[in-house]
file my_file_28.tsv (TSV, C-alpha atoms and all ligand atoms)
chain	number	residue	atom	x	y	z
A	21	MET	CA	-9.10	3.50	31.01
A	22	THR	CA	-5.68	5.14	30.77
A	23	ALA	CA	-4.28	3.04	33.61
A	24	GLU	CA	-4.66	-0.09	31.55
A	25	LYS	CA	-2.80	1.31	28.56
A	26	ASN	CA	-0.19	2.84	30.88
A	27	ALA	CA	0.34	-0.19	33.03
A	28	LEU	CA	3.77	-0.91	31.60
A	29	VAL	CA	5.07	2.64	31.73
A	30	THR	CA	6.83	2.82	35.09
A	31	SER	CA	9.35	5.13	36.72
A	32	ASP	CA	12.09	2.99	35.15
A	33	SER	CA	10.76	3.72	31.68
A	34	PRO	CA	12.73	5.98	29.32
A	35	HIS	CA	12.03	9.57	30.28
A	36	GLY	CA	10.95	10.70	26.82
A	37	LEU	CA	8.43	7.89	26.46
A	38	VAL	CA	6.85	8.74	29.82
A	39	GLU	CA	6.58	12.42	28.89
A	40	VAL	CA	5.02	11.64	25.53
A	41	GLU	CA	2.57	9.17	27.07
A	42	ASN	CA	1.54	11.75	29.66
A	43	GLU	CA	0.99	14.37	26.98
A	44	ILE	CA	-1.10	11.96	24.91
A	45	VAL	CA	-3.26	11.22	27.95
A	46	ARG	CA	-3.66	14.97	28.54
A	47	ALA	CA	-4.49	15.71	24.90
A	48	CYS	CA	-7.04	12.89	24.79
A	49	ALA	CA	-8.71	14.19	27.95
A	50	ASP	CA	-8.84	17.73	26.50
A	51	ALA	CA	-10.37	16.40	23.29
A	52	LYS	CA	-12.77	14.10	25.22
A	53	ARG	CA	-11.30	11.10	23.48
A	54	GLU	CA	-10.35	7.69	24.83
A	55	ARG	CA	-6.61	7.13	25.24
A	56	ALA	CA	-7.07	3.89	23.32
A	57	SER	CA	-8.25	5.82	20.24
A	58	VAL	CA	-4.70	7.07	19.61
A	59	GLU	CA	-1.85	4.77	18.61
A	60	LEU	CA	1.62	6.02	19.48
A	61	ILE	CA	4.16	5.10	16.80
A	62	ALA	CA	7.65	5.41	18.28
A	63	VAL	CA	9.79	6.55	15.35
A	64	SER	CA	13.16	4.83	15.79
A	65	LYS	CA	14.84	5.84	12.51
A	66	THR	CA	18.63	6.33	12.85
A	67	PHE	CA	18.62	4.71	16.33
A	68	GLU	CA	20.34	1.40	16.98
A	69	ALA	CA	18.75	-1.62	18.62
A	70	ALA	CA	20.46	-0.70	21.91
A	71	ALA	CA	18.46	2.53	22.05
A	72	ILE	CA	15.23	0.79	21.03
A	73	GLU	CA	15.40	-2.09	23.56
A	74	PRO	CA	14.59	0.06	26.65
A	75	VAL	CA	11.55	1.48	24.86
A	76	ILE	CA	10.34	-2.04	24.08
A	77	ALA	CA	11.05	-3.03	27.70
A	78	ALA	CA	8.85	-0.14	28.84
A	79	GLY	CA	5.92	-1.66	26.95
A	80	GLN	CA	5.95	0.23	23.65
A	81	ARG	CA	4.86	-2.12	20.86
A	82	VAL	CA	4.46	0.02	17.72
A	83	PHE	CA	7.50	1.46	15.97
A	84	GLY	CA	8.06	3.54	12.84
A	85	GLU	CA	10.93	3.61	10.36
A	86	ASN	CA	11.29	5.81	7.31
A	87	ARG	CA	13.63	3.66	5.20
A	88	VAL	CA	13.02	0.10	4.06
A	89	GLN	CA	16.74	-0.79	3.95
A	90	GLU	CA	17.41	0.47	7.46
A	91	ALA	CA	14.38	-1.37	8.83
A	92	LYS	CA	15.42	-4.57	7.08
A	93	ALA	CA	18.84	-4.42	8.72
A	94	LYS	CA	17.57	-3.56	12.18
A	95	TRP	CA	14.16	-5.08	12.86
A	96	PRO	CA	14.05	-8.80	12.04
A	97	ALA	CA	16.25	-9.56	15.10
A	98	LEU	CA	14.20	-7.26	17.35
A	99	THR	CA	10.91	-8.71	16.12
A	100	ALA	CA	12.16	-12.26	16.66
A	101	ALA	CA	13.26	-11.41	20.21
A	102	HIS	CA	10.04	-9.57	21.08
A	103	PRO	CA	6.90	-11.14	19.62
A	104	GLY	CA	3.93	-8.84	19.19
A	105	LEU	CA	5.71	-5.76	17.87
A	106	ALA	CA	4.22	-3.84	14.95
A	107	LEU	CA	6.33	-1.94	12.45
A	108	HIS	CA	5.08	1.01	10.38
A	109	LEU	CA	6.75	2.46	7.28
A	110	ILE	CA	6.36	6.23	7.49
A	111	GLY	CA	8.84	7.30	4.80
A	112	PRO	CA	8.90	7.24	1.01
A	113	LEU	CA	8.55	3.95	-0.80
A	114	GLN	CA	10.00	3.03	-4.19
A	115	SER	CA	8.31	0.39	-6.33
A	116	ASN	CA	11.41	-1.82	-6.28
A	117	LYS	CA	11.21	-1.93	-2.46
A	118	ALA	CA	7.53	-2.90	-2.35
A	119	LYS	CA	8.34	-6.57	-1.89
A	120	ASP	CA	10.52	-5.94	1.16
A	121	ALA	CA	8.09	-3.36	2.50
A	122	VAL	CA	5.10	-5.71	2.37
A	123	ALA	CA	7.15	-8.47	4.00
A	124	LEU	CA	8.47	-6.27	6.83
A	125	PHE	CA	5.81	-3.74	7.69
A	126	ASP	CA	2.37	-3.97	9.29
A	127	ALA	CA	1.40	-0.53	7.97
A	128	ILE	CA	2.56	1.73	5.14
A	129	HIS	CA	1.88	5.47	5.50
A	130	SER	CA	3.33	6.64	2.18
A	131	VAL	CA	1.03	5.46	-0.61
A	132	ASP	CA	1.34	8.41	-2.98
A	133	ARG	CA	1.41	7.39	-6.63
A	134	PRO	CA	-0.05	4.88	-9.07
A	135	SER	CA	3.22	2.96	-9.54
A	136	ILE	CA	3.35	2.30	-5.79
A	137	CYS	CA	-0.29	1.19	-5.80
A	138	GLU	CA	0.45	-1.26	-8.57
A	139	ALA	CA	3.56	-2.64	-6.85
A	140	LEU	CA	1.79	-2.94	-3.49
A	141	ALA	CA	-1.25	-4.66	-4.99
A	142	LYS	CA	1.01	-7.24	-6.62
A	143	GLU	CA	2.98	-7.96	-3.44
A	144	ILE	CA	-0.05	-8.02	-1.16
A	145	LYS	CA	-1.51	-10.71	-3.41
A	146	ALA	CA	1.74	-12.65	-3.79
A	147	GLN	CA	2.63	-12.62	-0.09
A	148	GLN	CA	-0.92	-12.84	1.27
A	149	ARG	CA	-0.07	-10.06	3.72
A	150	ASN	CA	-2.37	-7.19	4.49
A	151	PRO	CA	-0.53	-4.10	5.72
A	152	LEU	CA	-2.69	-1.19	6.80
A	153	LEU	CA	-2.43	1.41	4.01
A	154	PHE	CA	-2.42	5.20	4.37
A	155	VAL	CA	-2.44	7.67	1.47
A	156	GLN	CA	0.06	10.45	2.05
A	157	LEU	CA	-1.23	13.96	1.38
A	158	ASN	CA	0.93	16.98	0.58
A	159	THR	CA	-1.41	19.43	2.28
A	160	GLY	CA	1.05	22.30	1.92
A	161	GLU	CA	1.51	21.57	-1.81
A	162	GLU	CA	5.27	21.75	-1.25
A	163	PRO	CA	7.14	20.87	-4.45
A	164	GLN	CA	9.95	19.03	-2.62
A	165	LYS	CA	7.59	16.93	-0.54
A	166	ALA	CA	5.97	13.60	-1.36
A	167	GLY	CA	2.22	13.14	-1.22
A	168	ILE	CA	-0.95	13.75	-3.17
A	169	SER	CA	-2.24	17.28	-3.60
A	170	PRO	CA	-5.50	17.86	-1.68
A	171	LEU	CA	-7.20	18.67	-4.99
A	172	GLU	CA	-6.31	15.24	-6.38
A	173	ALA	CA	-6.94	13.28	-3.20
A	174	ASP	CA	-10.51	12.11	-3.89
A	175	ALA	CA	-9.64	10.82	-7.36
A	176	PHE	CA	-6.46	9.14	-6.11
A	177	ILE	CA	-8.22	7.38	-3.22
A	178	ALA	CA	-10.90	6.19	-5.65
A	179	ALA	CA	-8.22	4.87	-8.02
A	180	CYS	CA	-6.45	3.05	-5.17
A	181	ARG	CA	-9.71	1.29	-4.42
A	182	ASP	CA	-11.23	0.78	-7.86
A	183	THR	CA	-8.22	0.40	-10.14
A	184	TYR	CA	-5.81	-1.37	-7.79
A	185	GLY	CA	-8.18	-3.08	-5.37
A	186	LEU	CA	-6.35	-1.65	-2.34
A	187	THR	CA	-8.03	-1.08	0.99
A	188	ILE	CA	-7.15	2.46	2.04
A	189	SER	CA	-7.57	2.71	5.79
A	190	GLY	CA	-6.06	6.09	6.48
A	191	LEU	CA	-4.58	9.39	5.38
A	192	MET	CA	-1.21	10.75	6.45
A	193	CYS	CA	0.16	14.29	6.33
A	194	ILE	CA	3.32	16.18	7.26
A	195	PRO	CA	2.53	19.91	7.58
A	196	PRO	CA	5.08	22.40	6.23
A	197	LEU	CA	7.73	23.20	8.86
A	198	ASP	CA	6.92	26.91	9.01
A	199	ASP	CA	3.11	26.65	9.04
A	200	ALA	CA	0.75	26.30	11.95
A	201	PRO	CA	-0.15	22.60	11.75
A	202	ALA	CA	-3.83	22.87	12.73
A	203	PRO	CA	-5.25	23.82	9.29
A	204	HIS	CA	-3.30	20.95	7.71
A	205	PHE	CA	-4.69	18.48	10.24
A	206	ALA	CA	-8.21	19.85	9.75
A	207	LEU	CA	-7.93	19.54	5.96
A	208	THR	CA	-6.63	15.97	6.22
A	209	ALA	CA	-9.50	15.04	8.55
A	210	LYS	CA	-12.03	16.62	6.17
A	211	ILE	CA	-10.69	14.75	3.13
A	212	ALA	CA	-10.71	11.50	5.12
A	213	ALA	CA	-14.31	11.99	6.25
A	214	ARG	CA	-15.68	12.65	2.78
A	215	ASN	CA	-13.89	9.57	1.43
A	216	GLY	CA	-14.98	7.23	4.20
A	217	VAL	CA	-11.40	6.84	5.47
A	218	LYS	CA	-11.22	6.19	9.23
A	219	LEU	CA	-7.58	6.52	10.27
A	220	LEU	CA	-5.51	9.70	10.48
A	221	SER	CA	-1.71	9.53	10.72
A	222	MET	CA	-0.71	13.03	11.79
A	223	GLY	CA	1.33	14.69	14.50
A	224	MET	CA	5.05	14.44	15.26
A	225	SER	CA	7.14	15.43	18.31
A	226	ALA	CA	6.36	19.13	17.99
A	227	ASP	CA	2.63	18.93	17.32
A	228	PHE	CA	1.10	15.58	18.28
A	229	ALA	CA	-1.15	17.14	20.93
A	230	VAL	CA	-2.67	19.45	18.29
A	231	ALA	CA	-3.07	16.49	15.95
A	232	ILE	CA	-4.99	14.57	18.63
A	233	GLU	CA	-7.31	17.55	18.99
A	234	PHE	CA	-8.00	17.26	15.24
A	235	GLY	CA	-8.68	13.54	15.36
A	236	ALA	CA	-5.31	11.83	14.82
A	237	THR	CA	-5.56	8.07	15.34
A	238	HIS	CA	-1.81	7.54	14.79
A	239	VAL	CA	0.86	9.95	16.02
A	240	ARG	CA	4.44	9.48	14.77
A	241	VAL	CA	6.82	10.58	17.49
A	242	GLY	CA	10.59	10.24	17.21
A	243	SER	CA	12.88	12.77	18.87
A	244	ALA	CA	10.61	13.38	21.88
A	245	ILE	CA	11.08	9.69	22.76
A	246	PHE	CA	14.57	8.83	21.52
A	247	GLY	CA	16.30	12.21	21.66
A	248	LYS	CA	17.95	14.28	18.96
A	249	ARG	CA	18.94	12.57	15.73
B	301	LIG	C1	11.08	11.36	11.36
B	301	LIG	C2	9.63	11.37	11.11
B	301	LIG	C3	8.71	11.54	12.17
B	301	LIG	C4	9.14	11.79	13.62
B	301	LIG	O1	9.65	13.10	13.73
B	301	LIG	P1	9.99	13.74	15.16
B	301	LIG	O2	9.93	15.19	14.92
B	301	LIG	O3	11.36	13.25	15.51
B	301	LIG	O4	8.98	13.26	16.12
B	301	LIG	C5	7.36	11.51	11.88
B	301	LIG	N1	6.91	11.32	10.61
B	301	LIG	C6	7.76	11.14	9.58
B	301	LIG	C7	7.19	10.93	8.22
B	301	LIG	C8	9.13	11.16	9.78
B	301	LIG	O5	9.96	11.00	8.74
call {"tool": "encode", "arguments": {"input": "my_file_28.tsv", "output": "structure tokens", "more": "lines below"}}
Ligand SMILES: *Cc1c(COP(=O)(O)O)cnc(C)c1O
result
Amino acid sequence: MTAEKNALVTSDSPHGLVEVENEIVRACADAKRERASVELIAVSKTFEAAAIEPVIAAGQRVFGENRVQEAKAKWPALTAAHPGLALHLIGPLQSNKAKDAVALFDAIHSVDRPSICEALAKEIKAQQRNPLLFVQLNTGEEPQKAGISPLEADAFIAACRDTYGLTISGLMCIPPLDDAPAPHFALTAKIAARNGVKLLSMGMSADFAVAIEFGATHVRVGSAIFGKR
């Protein structure tokens, strides 16, 4: 089962990618989950194409960027050269970038306010594209951080669906830096379950194994693959 997914990761593969893949396999085994139930998003923000190419060559197909402008400058050439890549937007989205975001990305992890819902709904219709949508939660209720408060999550998810006609496939969270991540992952999973949301985008370089234990379907891993930013 893991061999199939790992077939392209060889001894020539970038060291960080191999380490991360091995840890995902281990975390899945510990959690009695299939390796295929977790998508690794390689977060390539701030890295140039030259650093991304070896990771593509090693078989990685899903990448994450946190800024629309940066992705627009970097990815069209990479995507044209390597068919079959998927690109996820994991950072904040402004309404005036919704058009570019819907055109560029296969998934958007930062749906977090009505104005974004409205802009996305319009572009999804106009472009006939269907990016996977995640609602971002601010599980730590940090004032400086984007995302919907856990107390408002049910109403917001309902509004996404009923008012804007969006299909919400997942929830995303970024636990506070100084907190143990587990309670934040558990809360995100609980809110997803009671809203019939299947996908969970949680876990970064420091905590993706814990996130897998709590049901993450998408882990967003940058520095452990590409090195320090
Ligand atoms: C940068 C970033 C990541 C990856 O962080 P690392 O600690 O480098 O793995 C994950 N999620 C979001 C939202 C990010 O902005």
call {"tool": "atom_distance", "arguments": {"input": "my_file_28.tsv", "atom1": "CA of Val58 (chain A)", "atom2": "CA of Asp227 (chain A)"}}
result
14.1 Å
call {"tool": "residues_near_ligand", "arguments": {"input": "my_file_28.tsv", "ligand": "ligand LIG 301 (chain B)", "cutoff": "9 Å", "atoms": "only C-alpha atoms and all ligand atoms", "output": "tab-separated table (two decimals) with C-alpha atoms, keeping the file's coordinate frame"}}
result
chain	number	residue	atom	x	y	z
A	61	ILE	CA	4.16	5.10	16.80
A	62	ALA	CA	7.65	5.41	18.28
A	63	VAL	CA	9.79	6.55	15.35
A	64	SER	CA	13.16	4.83	15.79
A	65	LYS	CA	14.84	5.84	12.51
A	84	GLY	CA	8.06	3.54	12.84
A	85	GLU	CA	10.93	3.61	10.36
A	86	ASN	CA	11.29	5.81	7.31
A	87	ARG	CA	13.63	3.66	5.20
A	109	LEU	CA	6.75	2.46	7.28
A	110	ILE	CA	6.36	6.23	7.49
A	111	GLY	CA	8.84	7.30	4.80
A	112	PRO	CA	8.90	7.24	1.01
A	129	HIS	CA	1.88	5.47	5.50
A	130	SER	CA	3.33	6.64	2.18
A	192	MET	CA	-1.21	10.75	6.45
A	193	CYS	CA	0.16	14.29	6.33
A	194	ILE	CA	3.32	16.18	7.26
A	221	SER	CA	-1.71	9.53	10.72
A	222	MET	CA	-0.71	13.03	11.79
A	223	GLY	CA	1.33	14.69	14.50
A	224	MET	CA	5.05	14.44	15.26
A	225	SER	CA	7.14	15.43	18.31
A	226	ALA	CA	6.36	19.13	17.99
A	227	ASP	CA	2.63	18.93	17.32
A	228	PHE	CA	1.10	15.58	18.28
A	239	VAL	CA	0.86	9.95	16.02
A	240	ARG	CA	4.44	9.48	14.77
A	241	VAL	CA	6.82	10.58	17.49
A	242	GLY	CA	10.59	10.24	17.21
A	243	SER	CA	12.88	12.77	18.87
A	244	ALA	CA	10.61	13.38	21.88
A	245	ILE	CA	11.08	9.69	22.76
A	246	PHE	CA	14.57	8.83	21.52
A	247	GLY	CA	16.30	12.21	21.66
A	248	LYS	CA	17.95	14.28	18.96
A	249	ARG	CA	18.94	12.57	15.73
call {"tool": "residues_around", "arguments": {"input": "my_file_28.tsv", "residues": "Leu60 (chain A)", "least_positions_apart": "6", "cutoff": "9 Å", "atoms": "all atoms listed in the file", "output": "list of chain:residue names"}}
result
A:Val40, A:Glu41, A:Ile44, A:Gln80, A:Arg81, A:Val82, A:Phe83, A:Thr237, A:His238, A:Val239, A:Arg240, A:Val241
call {"tool": "residues_around", "arguments": {"input": "my_file_28.tsv", "residues": "region 139-150 of chain A", "least_positions_apart": "2", "cutoff": "8 Å", "atoms": "all atoms listed in the file", "output": "ChimeraX atom specification"}}
result
/A:115-116,118-119,122-123,126,135-137,152,184-186
call {"tool": "closest_atom_pairs", "arguments": {"input": "my_file_28.tsv", "of": "region 86-145 of chain A", "to": "region 66-78 of chain A", "cutoff": "10 Å", "atoms": "all atoms listed in the file", "output": "JSON lines"}}
result
{"residue": "A:Asn86", "atom": "CA", "partner": "A:Thr66", "partner_atom": "CA", "distance": 9.2}
{"residue": "A:Arg87", "atom": "CA", "partner": "A:Thr66", "partner_atom": "CA", "distance": 9.5}
{"residue": "A:Glu90", "atom": "CA", "partner": "A:Thr66", "partner_atom": "CA", "distance": 8.1}
{"residue": "A:Ala91", "atom": "CA", "partner": "A:Thr66", "partner_atom": "CA", "distance": 9.7}
{"residue": "A:Lys94", "atom": "CA", "partner": "A:Ala69", "partner_atom": "CA", "distance": 6.8}
{"residue": "A:Trp95", "atom": "CA", "partner": "A:Ala69", "partner_atom": "CA", "distance": 8.1}
{"residue": "A:Ala97", "atom": "CA", "partner": "A:Ala69", "partner_atom": "CA", "distance": 9.0}
{"residue": "A:Leu98", "atom": "CA", "partner": "A:Ala69", "partner_atom": "CA", "distance": 7.4}
{"residue": "A:His102", "atom": "CA", "partner": "A:Ile76", "partner_atom": "CA", "distance": 8.1}
{"residue": "A:Leu105", "atom": "CA", "partner": "A:Ile76", "partner_atom": "CA", "distance": 8.6}
call {"tool": "closest_residue", "arguments": {"input": "my_file_28.tsv", "among": "A:Asp198, A:Asp182, A:Glu43, A:Asp132", "to": "Ala166 (chain A)", "atoms": "all atoms listed in the file"}}
result
A:Asp132
call {"tool": "atom_distance", "arguments": {"input": "my_file_28.tsv", "atom1": "CA of Val155 (chain A)", "atom2": "CA of Leu197 (chain A)"}}
result
20.0 Å
call {"tool": "atom_distance", "arguments": {"input": "my_file_28.tsv", "atom1": "CA of Ala51 (chain A)", "atom2": "CA of Ala229 (chain A)"}}
result
9.5 Å
call {"tool": "residues_around", "arguments": {"input": "my_file_28.tsv", "residues": "Val230 (chain A)", "least_positions_apart": "4", "cutoff": "9 Å", "atoms": "only C-alpha atoms", "output": "list in words"}}
result
Ala47, Pro201, Ala202, Phe205, Gly223, Phe234, Gly235 and Ala236 of chain A
call {"tool": "residues_around", "arguments": {"input": "my_file_28.tsv", "residues": "Ala213 (chain A)", "least_positions_apart": "4", "cutoff": "12 Å", "atoms": "only C-alpha atoms", "output": "PyMOL selection string"}}
result
chain A and resi 174+189-191+206-209+217-220+235
call {"tool": "closest_residue", "arguments": {"input": "my_file_28.tsv", "among": "A:Phe176, A:Asp199, A:Arg46, A:Arg133", "to": "Glu162 (chain A)", "atoms": "only C-alpha atoms"}}
result
A:Asp199
call {"tool": "closest_residue", "arguments": {"input": "my_file_28.tsv", "among": "A:Ile232, A:Cys180, A:Ile128, A:Ala106", "to": "Pro151 (chain A)", "atoms": "all atoms listed in the file"}}
result
A:Ile128
